[in-house]
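coords.cif (mmCIF, C-alpha atoms)
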```cif
data_data
#
loop_
_atom_site.label_atom_id
_atom_site.label_comp_id
_atom_site.auth_asym_id
_atom_site.auth_seq_id
_atom_site.Cartn_x
_atom_site.Cartn_y
_atom_site.Cartn_z
CA LYS A 1 -0.04 -26.14 8.72
CA ALA A 2 -2.06 -22.95 8.37
CA LEU A 3 -4.46 -24.64 5.95
CA LEU A 4 -4.87 -27.60 8.31
CA ALA A 5 -5.57 -25.28 11.22
CA MET A 6 -8.16 -23.35 9.22
CA ALA A 7 -9.83 -26.62 8.17
CA ALA A 8 -9.95 -27.79 11.79
CA VAL A 9 -11.55 -24.53 12.93
CA ALA A 10 -14.10 -24.70 10.12
CA ALA A 11 -14.98 -28.30 10.99
CA ALA A 12 -15.37 -27.42 14.67
CA GLY A 13 -17.63 -24.49 13.82
CA SER A 14 -19.75 -26.71 11.60
CA ALA A 15 -20.12 -29.30 14.36
CA PHE A 16 -21.15 -26.68 16.92
CA ALA A 17 -23.74 -25.26 14.52
CA GLN A 18 -25.48 -28.59 13.88
CA SER A 19 -29.20 -28.14 14.36
CA SER A 20 -32.43 -29.98 13.67
CA VAL A 21 -36.05 -28.95 13.25
CA THR A 22 -38.86 -31.51 13.42
CA LEU A 23 -42.49 -31.18 12.39
CA TYR A 24 -44.60 -33.67 14.36
CA GLY A 25 -48.14 -34.32 15.47
CA ILE A 26 -51.05 -36.65 16.17
CA ALA A 27 -54.24 -37.01 14.11
CA ASP A 28 -56.85 -38.76 16.27
CA ILE A 29 -60.56 -39.01 15.53
CA TRP A 30 -63.31 -41.21 16.97
CA VAL A 31 -66.99 -42.04 16.59
CA GLY A 32 -68.90 -42.58 19.80
CA LYS A 33 -71.54 -41.55 22.28
CA GLN A 34 -71.74 -40.17 25.81
CA ASN A 35 -75.10 -40.88 27.43
CA GLN A 36 -75.37 -37.42 29.01
CA GLU A 37 -73.78 -34.14 27.97
CA PHE A 38 -73.77 -30.48 29.02
CA THR A 39 -75.39 -28.26 26.39
CA SER A 40 -75.05 -25.19 28.65
CA PRO A 41 -73.49 -24.71 32.11
CA ASN A 42 -76.57 -26.03 33.94
CA THR A 43 -78.41 -28.02 31.27
CA ILE A 44 -77.93 -31.76 30.74
CA THR A 45 -79.24 -33.52 27.65
CA LYS A 46 -79.11 -37.05 26.29
CA GLY A 47 -76.04 -37.58 24.16
CA LYS A 48 -76.08 -38.56 20.49
CA VAL A 49 -73.64 -40.49 18.30
CA LYS A 50 -71.02 -38.11 16.94
CA ALA A 51 -67.48 -37.84 15.64
CA GLY A 52 -64.95 -36.28 17.96
CA SER A 53 -61.40 -35.04 17.47
CA GLY A 54 -58.72 -36.40 19.79
CA GLY A 55 -59.08 -36.52 23.54
CA VAL A 56 -59.88 -40.24 23.55
CA LYS A 57 -56.62 -41.94 22.61
CA ASN A 58 -54.58 -38.73 22.34
CA THR A 59 -55.37 -35.09 21.71
CA SER A 60 -54.98 -34.14 18.03
CA ARG A 61 -52.11 -31.68 17.67
CA TRP A 62 -49.29 -30.41 15.51
CA GLY A 63 -45.99 -28.93 16.56
CA VAL A 64 -42.51 -27.85 15.62
CA LYS A 65 -39.50 -28.56 17.81
CA GLY A 66 -35.79 -28.26 17.32
CA SER A 67 -32.35 -28.09 18.84
CA GLU A 68 -28.96 -26.60 18.08
CA ASP A 69 -25.67 -28.13 19.22
CA LEU A 70 -23.71 -25.37 20.96
CA GLY A 71 -20.75 -27.59 21.77
CA GLY A 72 -19.52 -29.05 25.02
CA GLY A 73 -22.68 -31.10 25.45
CA LEU A 74 -24.87 -27.96 25.52
CA LYS A 75 -27.91 -27.60 23.26
CA ALA A 76 -30.47 -24.86 22.69
CA THR A 77 -34.04 -26.09 22.20
CA PHE A 78 -37.48 -24.78 21.30
CA ASN A 79 -40.99 -26.26 21.10
CA LEU A 80 -44.19 -24.82 19.63
CA GLU A 81 -47.31 -27.02 19.84
CA SER A 82 -50.99 -26.42 19.12
CA LYS A 83 -54.17 -28.42 19.61
CA VAL A 84 -56.20 -29.10 16.44
CA ASP A 85 -59.86 -30.03 15.90
CA LEU A 86 -60.04 -32.60 13.09
CA GLY A 87 -63.75 -31.99 12.75
CA ASN A 88 -63.35 -28.48 11.31
CA GLY A 89 -59.59 -27.89 11.14
CA ALA A 90 -59.69 -25.13 13.74
CA THR A 91 -57.44 -24.63 16.73
CA ASN A 92 -59.37 -26.48 19.40
CA ASN A 93 -58.82 -24.44 22.54
CA PRO A 94 -62.06 -22.91 23.85
CA ALA A 95 -60.71 -22.38 27.37
CA ALA A 96 -57.75 -20.24 26.31
CA GLY A 97 -59.59 -18.25 23.65
CA THR A 98 -58.86 -17.78 19.97
CA GLY A 99 -55.76 -15.66 20.47
CA GLN A 100 -53.58 -18.46 21.82
CA MET A 101 -52.33 -20.38 18.79
CA PHE A 102 -49.74 -22.52 20.57
CA ASP A 103 -51.96 -23.44 23.52
CA ARG A 104 -50.09 -26.62 24.42
CA GLN A 105 -46.45 -25.51 24.38
CA ALA A 106 -44.43 -22.44 23.43
CA ASN A 107 -41.00 -22.38 25.00
CA VAL A 108 -37.25 -22.14 24.50
CA GLY A 109 -34.60 -23.77 26.64
CA MET A 110 -31.14 -25.20 27.26
CA THR A 111 -30.16 -28.81 27.90
CA GLY A 112 -26.87 -30.34 28.97
CA GLY A 113 -25.18 -32.30 31.73
CA PHE A 114 -26.99 -30.15 34.31
CA GLY A 115 -30.42 -31.20 33.00
CA THR A 116 -32.97 -29.19 31.03
CA VAL A 117 -34.32 -25.68 31.61
CA LYS A 118 -37.32 -24.35 29.65
CA VAL A 119 -38.91 -20.90 29.80
CA GLY A 120 -42.33 -20.11 28.33
CA ARG A 121 -45.59 -22.06 28.20
CA SER A 122 -45.06 -25.73 29.05
CA TRP A 123 -46.50 -28.64 30.99
CA ASN A 124 -45.96 -28.26 34.71
CA ALA A 125 -44.00 -30.75 36.77
CA LEU A 126 -47.10 -32.56 38.08
CA ASP A 127 -48.40 -33.08 34.55
CA ASP A 128 -45.06 -34.64 33.58
CA MET A 129 -45.94 -37.73 35.63
CA PHE A 130 -49.73 -37.46 36.16
CA GLY A 131 -50.82 -40.05 33.59
CA ALA A 132 -47.83 -42.40 33.82
CA ALA A 133 -49.82 -45.13 35.59
CA ASN A 134 -53.34 -44.51 34.23
CA SER A 135 -55.39 -47.32 32.75
CA GLY A 136 -57.26 -46.88 29.46
CA PHE A 137 -54.07 -45.61 27.78
CA ASP A 138 -54.44 -42.36 29.79
CA SER A 139 -57.36 -41.35 27.57
CA ASP A 140 -61.03 -40.39 27.89
CA LEU A 141 -61.74 -44.12 28.03
CA ALA A 142 -59.92 -44.34 31.38
CA ALA A 143 -61.90 -44.92 34.57
CA GLN A 144 -59.85 -42.11 36.12
CA ARG A 145 -61.99 -39.58 34.21
CA VAL A 146 -64.60 -39.95 36.96
CA TRP A 147 -62.33 -38.13 39.43
CA LEU A 148 -63.83 -34.94 40.84
CA ASN A 149 -60.47 -33.27 41.46
CA SER A 150 -58.38 -31.73 38.70
CA TYR A 151 -55.00 -30.11 38.17
CA THR A 152 -53.33 -27.49 35.98
CA ARG A 153 -51.72 -29.08 32.93
CA ALA A 154 -49.79 -26.19 31.37
CA ALA A 155 -48.88 -22.74 32.65
CA ASP A 156 -47.93 -19.53 30.85
CA ALA A 157 -44.53 -17.85 31.31
CA GLN A 158 -43.25 -20.77 33.35
CA ILE A 159 -39.73 -21.80 34.31
CA HIS A 160 -39.38 -25.59 34.20
CA TYR A 161 -36.27 -27.49 35.28
CA ALA A 162 -35.73 -31.26 34.94
CA THR A 163 -32.69 -33.06 36.33
CA PRO A 164 -30.62 -35.56 34.36
CA ASP A 165 -31.16 -39.23 35.11
CA PHE A 166 -29.48 -40.52 38.30
CA ASN A 167 -29.58 -44.32 38.09
CA GLY A 168 -33.29 -44.28 37.34
CA PHE A 169 -34.16 -41.31 39.58
CA ASN A 170 -35.47 -38.12 37.97
CA ALA A 171 -36.96 -34.93 39.35
CA ALA A 172 -38.51 -31.74 37.99
CA VAL A 173 -39.77 -28.42 39.35
CA SER A 174 -41.81 -25.71 37.65
CA THR A 175 -43.11 -22.29 38.69
CA GLN A 176 -44.45 -19.04 37.32
CA LEU A 177 -42.84 -15.73 38.27
CA ASN A 178 -44.82 -13.24 40.36
CA GLY A 179 -44.80 -10.72 37.54
CA ASN A 180 -46.56 -13.19 35.24
CA SER A 181 -49.19 -14.33 37.77
CA ALA A 182 -50.91 -11.27 39.28
CA ASN A 183 -48.03 -10.60 41.67
CA GLY A 184 -48.04 -14.23 42.76
CA ALA A 185 -51.76 -14.43 43.60
CA SER A 186 -52.44 -16.84 40.71
CA LYS A 187 -49.04 -18.55 40.57
CA VAL A 188 -48.88 -22.25 39.65
CA SER A 189 -45.93 -24.23 41.06
CA ALA A 190 -45.24 -27.97 41.01
CA PHE A 191 -42.60 -30.65 41.41
CA ASN A 192 -42.15 -34.39 40.92
CA VAL A 193 -39.72 -37.16 41.80
CA THR A 194 -39.84 -40.44 39.86
CA TYR A 195 -37.95 -43.72 39.75
CA THR A 196 -37.83 -46.14 36.82
CA GLY A 197 -35.85 -49.35 37.07
CA GLY A 198 -36.55 -52.57 35.19
CA PRO A 199 -40.24 -53.40 35.57
CA VAL A 200 -40.80 -50.83 38.35
CA TYR A 201 -42.03 -47.25 38.10
CA VAL A 202 -42.89 -45.04 41.12
CA GLY A 203 -43.70 -41.33 41.11
CA VAL A 204 -44.61 -38.60 43.60
CA GLY A 205 -45.90 -35.21 42.47
CA TYR A 206 -47.27 -32.01 44.00
CA GLU A 207 -48.97 -28.88 42.67
CA ASN A 208 -49.98 -25.56 44.24
CA ASP A 209 -52.38 -23.50 42.09
CA LYS A 210 -52.96 -20.26 44.01
CA GLY A 211 -55.43 -18.89 41.45
CA PHE A 212 -57.84 -21.84 41.42
CA LYS A 213 -61.58 -21.13 41.92
CA ASN A 214 -64.35 -23.70 42.22
CA LEU A 215 -67.50 -23.75 40.06
CA ALA A 216 -69.23 -21.34 42.43
CA GLY A 217 -66.39 -18.85 41.90
CA THR A 218 -65.00 -19.29 45.41
CA ALA A 219 -61.29 -18.51 45.53
CA GLY A 220 -58.77 -20.19 47.80
CA GLY A 221 -56.43 -22.09 45.53
CA ARG A 222 -55.87 -25.80 45.14
CA LYS A 223 -53.10 -28.05 46.45
CA GLY A 224 -52.77 -31.57 45.11
CA THR A 225 -50.54 -34.54 45.86
CA MET A 226 -50.23 -37.63 43.67
CA ILE A 227 -48.52 -40.98 44.13
CA ASN A 228 -48.57 -43.40 41.21
CA ALA A 229 -46.81 -46.64 40.34
CA SER A 230 -46.69 -49.50 37.86
CA TYR A 231 -45.12 -52.94 37.73
CA ASP A 232 -44.61 -54.86 34.50
CA LEU A 233 -45.09 -58.61 35.00
CA GLY A 234 -44.61 -59.32 31.30
CA MET A 235 -48.01 -60.96 30.95
CA ALA A 236 -49.61 -57.76 32.32
CA LYS A 237 -48.60 -54.32 33.54
CA LEU A 238 -50.21 -53.38 36.87
CA LEU A 239 -51.20 -49.73 37.33
CA GLY A 240 -52.29 -47.61 40.27
CA SER A 241 -52.49 -44.02 41.51
CA VAL A 242 -53.82 -41.92 44.38
CA TYR A 243 -54.58 -38.20 44.05
CA ASN A 244 -55.67 -35.99 46.95
CA THR A 245 -56.54 -32.30 46.70
CA LYS A 246 -57.41 -29.46 49.08
CA GLU A 247 -59.70 -26.91 47.42
CA PRO A 248 -61.67 -23.73 48.30
CA ALA A 249 -64.28 -23.75 51.08
CA GLY A 250 -62.42 -26.50 52.96
CA VAL A 251 -63.20 -29.19 50.38
CA LYS A 252 -60.90 -32.20 50.30
CA ILE A 253 -61.17 -34.80 47.54
CA ASN A 254 -59.59 -38.25 47.75
CA SER A 255 -59.36 -40.22 44.51
CA TYR A 256 -57.69 -43.42 43.38
CA GLN A 257 -57.57 -45.79 40.42
CA ILE A 258 -56.20 -49.26 39.71
CA GLY A 259 -55.84 -51.07 36.44
CA ALA A 260 -53.82 -53.30 34.15
CA ASP A 261 -52.55 -53.27 30.57
CA VAL A 262 -52.61 -56.78 29.12
CA PRO A 263 -50.80 -57.48 25.82
CA LEU A 264 -52.70 -60.21 23.96
CA SER A 265 -50.32 -60.29 20.98
CA ASN A 266 -47.58 -58.19 19.41
CA GLY A 267 -50.15 -55.68 18.19
CA ILE A 268 -53.13 -55.90 20.58
CA THR A 269 -53.29 -54.54 24.13
CA VAL A 270 -56.34 -54.50 26.40
CA SER A 271 -56.51 -52.08 29.32
CA VAL A 272 -58.96 -52.38 32.24
CA GLY A 273 -59.46 -50.01 35.14
CA TYR A 274 -61.50 -49.07 38.21
CA ALA A 275 -61.58 -45.63 39.84
CA ALA A 276 -63.30 -43.87 42.72
CA SER A 277 -63.46 -40.27 43.95
CA LYS A 278 -64.94 -38.88 47.18
CA PRO A 279 -65.17 -35.31 48.52
CA ASN A 280 -65.52 -34.74 52.25
CA GLY A 281 -69.21 -34.33 52.98
CA GLY A 282 -70.14 -35.92 49.64
CA ASP A 283 -70.71 -39.36 48.14
CA THR A 284 -68.33 -41.60 46.23
CA ASN A 285 -68.26 -41.52 42.44
CA LYS A 286 -67.14 -44.77 40.76
CA ALA A 287 -66.25 -45.94 37.27
CA VAL A 288 -65.00 -49.01 35.41
CA SER A 289 -63.45 -49.03 31.97
CA VAL A 290 -62.14 -51.37 29.30
CA ALA A 291 -60.26 -50.33 26.16
CA ALA A 292 -58.43 -52.17 23.41
CA ALA A 293 -55.81 -50.88 20.98
CA TYR A 294 -54.47 -52.57 17.85
CA SER A 295 -51.27 -51.28 16.26
CA LEU A 296 -51.51 -51.41 12.48
CA SER A 297 -47.97 -50.01 12.29
CA LYS A 298 -45.51 -48.06 14.42
CA ARG A 299 -47.50 -44.90 13.75
CA THR A 300 -51.13 -45.97 13.25
CA THR A 301 -53.43 -47.50 15.89
CA VAL A 302 -57.13 -48.33 15.93
CA TYR A 303 -58.91 -48.51 19.29
CA ALA A 304 -62.27 -49.06 20.96
CA GLY A 305 -63.59 -49.02 24.48
CA LEU A 306 -66.13 -47.93 27.06
CA ARG A 307 -66.21 -46.16 30.40
CA SER A 308 -69.19 -46.81 32.70
CA GLU A 309 -69.78 -44.38 35.57
CA ALA A 310 -71.87 -44.39 38.72
CA VAL A 311 -71.99 -40.74 39.76
CA LYS A 312 -73.83 -39.44 42.82
CA GLN A 313 -76.04 -36.46 42.07
CA SER A 314 -75.33 -35.12 45.58
CA ASN A 315 -71.97 -33.99 44.18
CA TYR A 316 -73.43 -32.25 41.13
CA ASN A 317 -73.94 -28.65 42.29
CA GLN A 318 -70.37 -28.30 43.48
CA PHE A 319 -68.47 -30.38 40.92
CA ARG A 320 -70.91 -30.56 37.97
CA LYS A 321 -70.26 -34.22 37.21
CA VAL A 322 -73.06 -36.38 35.75
CA ASP A 323 -73.36 -40.09 34.90
CA ALA A 324 -71.54 -40.15 31.58
CA ASP A 325 -71.15 -43.67 30.23
CA PHE A 326 -68.95 -43.28 27.16
CA TYR A 327 -68.42 -45.56 24.13
CA ALA A 328 -66.06 -44.90 21.23
CA VAL A 329 -64.06 -46.42 18.37
CA GLY A 330 -61.33 -44.48 16.65
CA VAL A 331 -58.04 -44.25 14.81
CA ASN A 332 -54.82 -42.59 15.93
CA HIS A 333 -52.01 -41.64 13.54
CA LYS A 334 -48.69 -40.13 14.65
CA PHE A 335 -46.42 -38.24 12.29
#
```
As structure tokens:
Amino acid sequence: KALLAMAAVAAAGSAFAQSSVTLYGIADIWVGKQNQEFTSPNTITKGKVKAGSGGVKNTSRWGVKGSEDLGGGLKATFNLESKVDLGNGATNNPAAGTGQMFDRQANVGMTGGFGTVKVGRSWNALDDMFGAANSGFDSDLAAQRVWLNSYTRAADAQIHYATPDFNGFNAAVSTQLNGNSANGASKVSAFNVTYTGGPVYVGVGYENDKGFKNLAGTAGGRKGTMINASYDLGMAKLLGSVYNTKEPAGVKINSYQIGADVPLSNGITVSVGYAASKPNGGDTNKAVSVAAAYSLSKRTTVYAGLRSEAVKQSNYNQFRKVDADFYAVGVNHKF
């Protein structure tokens, strides 16, 4: 009996200690051209054909993630993820600087019947659902790229909580602590509520970025609200979203996009989209896009597409957005 008891305890301990570590990533590179590009903050030049790393189909990246079974349905998790430039092999994160190796994610958390809690650098709750109904495979080929308003994708030293699924309903909230955000003056907070059931998806998200400054350096923060939805008809998946922001100097920007993903065969999908964006006191920017993706396997996809923009120069000084028709073909490999 003693031997059986010891064996049972050993087996239980082994089960609780089960863990997994996964190396994963995306290698995405394209060849294309943008008709106008910024060569310095206020200089626009004619674009040339070039090879680019990620950002069209998906950003090139590598990461390590893992979990440990603690028993009773509780797991400890971690995730470290870095952007990579396939052109030169360097960490591709000019905005964050060279010292931030894991610029995309760097967090540890717990998950169980209560949901999931993560602490560290992670995507905020608005980003969790921001691209769920974008055309153009939520890439640089999407018409939505003409929008003049933006949002904060990831935040440092953030607490992120996501609920478990409640019959298709999910919610998440994220926020930085005052001690990690200049005593709250630059805090980024967000939340979302989504529903997925059968062919229907609907999401509502909100973000408050207290540290946001416009191109002129004017402070005042940014508040943004998004509603997006999709409906899968089988022959096509309809897509749509609306995103409104309030920014410094009393600027309000209203943007929307509509589109559809159309599967032509088991391996080919074509995505079309139209988007518009208008600031109060400014003119409307517009764009149309078409993109096609062909799955060579479960992990490798080739794609091609274009985004054609009609941008009003009256918006340039404040938002620095130029007519930027974009054409590209590329390959995307997941590992």
Using all atoms listed in the file, can you tell me which of A:Lys57, A:Ala171, A:Gly234, A:Asn134 comes closest to Tyr294 of chain A? A:Lys57
Give me the result of the PyMOL selection byres ((chain A and resi 61) around 6) on this file, residue by residue, as a PyMOL selection string. chain A and resi 25-26+60+62+82-84
Could you please take those selected residues and save C-alpha atoms as an mmCIF file, in the frame of the given file?
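Writing the result to selection-v1.cif gives the following:
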```
data_model
loop_
_atom_site.group_PDB
_atom_site.id
_atom_site.type_symbol
_atom_site.label_atom_id
_atom_site.label_comp_id
_atom_site.auth_asym_id
_atom_site.auth_seq_id
_atom_site.Cartn_x
_atom_site.Cartn_y
_atom_site.Cartn_z
ATOM 1 C CA GLY A 25 -48.140 -34.320 15.470
ATOM 2 C CA ILE A 26 -51.050 -36.650 16.170
ATOM 3 C CA SER A 60 -54.980 -34.140 18.030
ATOM 4 C CA TRP A 62 -49.290 -30.410 15.510
ATOM 5 C CA SER A 82 -50.990 -26.420 19.120
ATOM 6 C CA LYS A 83 -54.170 -28.420 19.610
ATOM 7 C CA VAL A 84 -56.200 -29.100 16.440
#
```
Identify, on the basis of all atoms listed in the file, every residue whose closest approach to Asn180 of chain A does not exceed 12 Å; exclude the query and any residue fewer than 2 positions from it along the same chain; express the result as an mmCIF file with C-alpha atoms, in the frame of the given file.
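Resulting contents of out-v4.cif:
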```cif
data_model
loop_
_atom_site.group_PDB
_atom_site.id
_atom_site.type_symbol
_atom_site.label_atom_id
_atom_site.label_comp_id
_atom_site.auth_asym_id
_atom_site.auth_seq_id
_atom_site.Cartn_x
_atom_site.Cartn_y
_atom_site.Cartn_z
ATOM 1 C CA GLY A 120 -42.330 -20.110 28.330
ATOM 2 C CA ARG A 121 -45.590 -22.060 28.200
ATOM 3 C CA ALA A 155 -48.880 -22.740 32.650
ATOM 4 C CA ASP A 156 -47.930 -19.530 30.850
ATOM 5 C CA ALA A 157 -44.530 -17.850 31.310
ATOM 6 C CA GLN A 158 -43.250 -20.770 33.350
ATOM 7 C CA ILE A 159 -39.730 -21.800 34.310
ATOM 8 C CA THR A 175 -43.110 -22.290 38.690
ATOM 9 C CA GLN A 176 -44.450 -19.040 37.320
ATOM 10 C CA LEU A 177 -42.840 -15.730 38.270
ATOM 11 C CA ASN A 178 -44.820 -13.240 40.360
ATOM 12 C CA ALA A 182 -50.910 -11.270 39.280
ATOM 13 C CA ASN A 183 -48.030 -10.600 41.670
ATOM 14 C CA GLY A 184 -48.040 -14.230 42.760
ATOM 15 C CA ALA A 185 -51.760 -14.430 43.600
ATOM 16 C CA SER A 186 -52.440 -16.840 40.710
ATOM 17 C CA LYS A 187 -49.040 -18.550 40.570
ATOM 18 C CA VAL A 188 -48.880 -22.250 39.650
#
```
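Take the PyMOL selection byres ((chain A and resi 300) around 9) and apply it to this file: it picks Tyr294, Ser295, Leu296, Ser297, Lys298, Arg299, Thr301, Val302, Val331, Asn332, His333 and Lys334 of chain A.
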Please write the residues picked by the PyMOL selection byres ((chain A and resi 201-204) around 7) on this file as an mmCIF file with C-alpha atoms, in the frame of the given file.
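To be explicit, this is the file written out as part33.cif:
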```
data_model
loop_
_atom_site.group_PDB
_atom_site.id
_atom_site.type_symbol
_atom_site.label_atom_id
_atom_site.label_comp_id
_atom_site.auth_asym_id
_atom_site.auth_seq_id
_atom_site.Cartn_x
_atom_site.Cartn_y
_atom_site.Cartn_z
ATOM 1 C CA MET A 129 -45.940 -37.730 35.630
ATOM 2 C CA ASN A 192 -42.150 -34.390 40.920
ATOM 3 C CA VAL A 193 -39.720 -37.160 41.800
ATOM 4 C CA THR A 194 -39.840 -40.440 39.860
ATOM 5 C CA TYR A 195 -37.950 -43.720 39.750
ATOM 6 C CA THR A 196 -37.830 -46.140 36.820
ATOM 7 C CA GLY A 197 -35.850 -49.350 37.070
ATOM 8 C CA PRO A 199 -40.240 -53.400 35.570
ATOM 9 C CA VAL A 200 -40.800 -50.830 38.350
ATOM 10 C CA GLY A 205 -45.900 -35.210 42.470
ATOM 11 C CA MET A 226 -50.230 -37.630 43.670
ATOM 12 C CA ILE A 227 -48.520 -40.980 44.130
ATOM 13 C CA ASN A 228 -48.570 -43.400 41.210
ATOM 14 C CA ALA A 229 -46.810 -46.640 40.340
ATOM 15 C CA SER A 230 -46.690 -49.500 37.860
ATOM 16 C CA TYR A 231 -45.120 -52.940 37.730
#
```
Find the residue from A:Val49, A:Leu126, A:Ala260, A:Leu306 that sits nearest to Met235 of chain A; use only C-alpha atoms when measuring.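 Checking each candidate against Met235 of chain A, we get A:Ala260 as the closest.
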Return the single residue from A:Leu148, A:Met110, A:Val173, A:Leu23 that is closest to Ala125 of chain A, with distances computed using only C-alpha atoms. A:Val173
Could you work out how far atom CA of Gly224 of chain A lies from atom CA of Val146 of chain A, giving the answer in Å with one decimal? 16.6 Å
Shell around His160 of chain A at 6 Å using only C-alpha atoms, local window under 3 positions removed, as a ChimeraX atom specification: /A:117-118,173-174
Neighbour list for Val56 of chain A as a list in words, cut-off 8 Å, only C-alpha atoms, skip fewer than 6 positions in-chain: Trp30, Ser139, Asp140 and Leu141 of chain A
Work out how far atom CA of Ser150 of chain A is from atom CA of Asp127 of chain A, in Å to one decimal. 10.9 Å
Here atom CA of Val21 of chain A and atom CA of Gly109 of chain A stand apart by 14.4 Å
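Using only C-alpha atoms, the contacts of Tyr256 of chain A at a cut-off of 10 Å, with sequence neighbours closer than 3 positions omitted, comprise Ala143, Gln144, Trp147, Met226, Ile227, Asn228, Gly240, Ser241, Val242, Tyr243, Asn244, Tyr274, Ala275, Ala276, Ser277, Lys278 and Lys286 of chain A.
For the choices A:Ala51, A:Met101, A:Val108, A:Ala154, the atom-to-atom distance to Trp123 of chain A is smallest for A:Ala154 when using only C-alpha atoms.
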Which one is closest to Ile253 of chain A: A:Gly282, A:Gly267, A:Gly273, A:Gly87? Count only C-alpha atoms. A:Gly282
Of the candidates A:Leu86, A:Ala236, A:Val262, A:Ile44, which shows the shortest atom-to-atom distance to Lys321 of chain A, using all atoms listed in the file? A:Ile44
Local residues around (-58.2, -19.3, 51.3), at most 8 Å away, using only C-alpha atoms, as a PyMOL selection string: chain A and resi 219-221+248-249
Grab the residues selected above and save them as a PDB file, keeping the file's coordinate frame with C-alpha atoms.
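What ended up in result-v1.pdb:
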```pdb
ATOM      1  CA  ALA A 219     -61.290 -18.510  45.530  1.00  0.00           C
ATOM      2  CA  GLY A 220     -58.770 -20.190  47.800  1.00  0.00           C
ATOM      3  CA  GLY A 221     -56.430 -22.090  45.530  1.00  0.00           C
ATOM      4  CA  PRO A 248     -61.670 -23.730  48.300  1.00  0.00           C
ATOM      5  CA  ALA A 249     -64.280 -23.750  51.080  1.00  0.00           C
TER       6      ALA A 249
END
```
Selection near Val272 of chain A, 9 Å with only C-alpha atoms, sequence-local residues under 3 positions removed, as a list in words: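 Everything that qualifies: Ser135, Gly136, Ala142, Ala143, Ile258, Gly259, Ala260, Asp261, Val262, Val288, Ser289, Val290, Ala291 and Ala292 of chain A.
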Prev. selection, C-alpha atoms, output as a PDB file, in the coordinates of the input:
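Output (out32.pdb):
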```
ATOM      1  CA  SER A 135     -55.390 -47.320  32.750  1.00  0.00           C
ATOM      2  CA  GLY A 136     -57.260 -46.880  29.460  1.00  0.00           C
ATOM      3  CA  ALA A 142     -59.920 -44.340  31.380  1.00  0.00           C
ATOM      4  CA  ALA A 143     -61.900 -44.920  34.570  1.00  0.00           C
ATOM      5  CA  ILE A 258     -56.200 -49.260  39.710  1.00  0.00           C
ATOM      6  CA  GLY A 259     -55.840 -51.070  36.440  1.00  0.00           C
ATOM      7  CA  ALA A 260     -53.820 -53.300  34.150  1.00  0.00           C
ATOM      8  CA  ASP A 261     -52.550 -53.270  30.570  1.00  0.00           C
ATOM      9  CA  VAL A 262     -52.610 -56.780  29.120  1.00  0.00           C
ATOM     10  CA  VAL A 288     -65.000 -49.010  35.410  1.00  0.00           C
ATOM     11  CA  SER A 289     -63.450 -49.030  31.970  1.00  0.00           C
ATOM     12  CA  VAL A 290     -62.140 -51.370  29.300  1.00  0.00           C
ATOM     13  CA  ALA A 291     -60.260 -50.330  26.160  1.00  0.00           C
ATOM     14  CA  ALA A 292     -58.430 -52.170  23.410  1.00  0.00           C
TER      15      ALA A 292
END
```
Kindly reconstruct segment 205-215 of chain A with N, CA and C atoms and present the result as a compact mmCIF listing (two decimals), keeping the file's coordinate frame.
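Listed below is the output, part_12.txt:
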```
# COMPACT_ATOMS: atom_id res chain seq x y z
N GLY A 205 -45.79 -36.55 43.02
CA GLY A 205 -45.90 -35.21 42.47
C GLY A 205 -46.76 -34.31 43.33
N TYR A 206 -46.53 -33.00 43.20
CA TYR A 206 -47.27 -32.01 44.00
C TYR A 206 -47.48 -30.76 43.16
N GLU A 207 -48.66 -30.13 43.35
CA GLU A 207 -48.97 -28.88 42.67
C GLU A 207 -49.66 -27.91 43.61
N ASN A 208 -49.32 -26.63 43.48
CA ASN A 208 -49.98 -25.56 44.24
C ASN A 208 -50.46 -24.52 43.23
N ASP A 209 -51.77 -24.46 43.01
CA ASP A 209 -52.38 -23.50 42.09
C ASP A 209 -53.09 -22.44 42.92
N LYS A 210 -52.43 -21.30 43.13
CA LYS A 210 -52.96 -20.26 44.01
C LYS A 210 -54.17 -19.55 43.41
N GLY A 211 -54.33 -19.61 42.10
CA GLY A 211 -55.43 -18.89 41.45
C GLY A 211 -56.68 -19.72 41.22
N PHE A 212 -56.70 -20.96 41.69
CA PHE A 212 -57.84 -21.84 41.42
C PHE A 212 -59.11 -21.36 42.11
N LYS A 213 -60.24 -21.41 41.38
CA LYS A 213 -61.58 -21.13 41.92
C LYS A 213 -62.49 -22.30 41.59
N ASN A 214 -63.42 -22.61 42.50
CA ASN A 214 -64.35 -23.70 42.22
C ASN A 214 -65.48 -23.22 41.31
N LEU A 215 -66.43 -24.10 41.00
CA LEU A 215 -67.50 -23.75 40.06
C LEU A 215 -68.37 -22.60 40.56
```
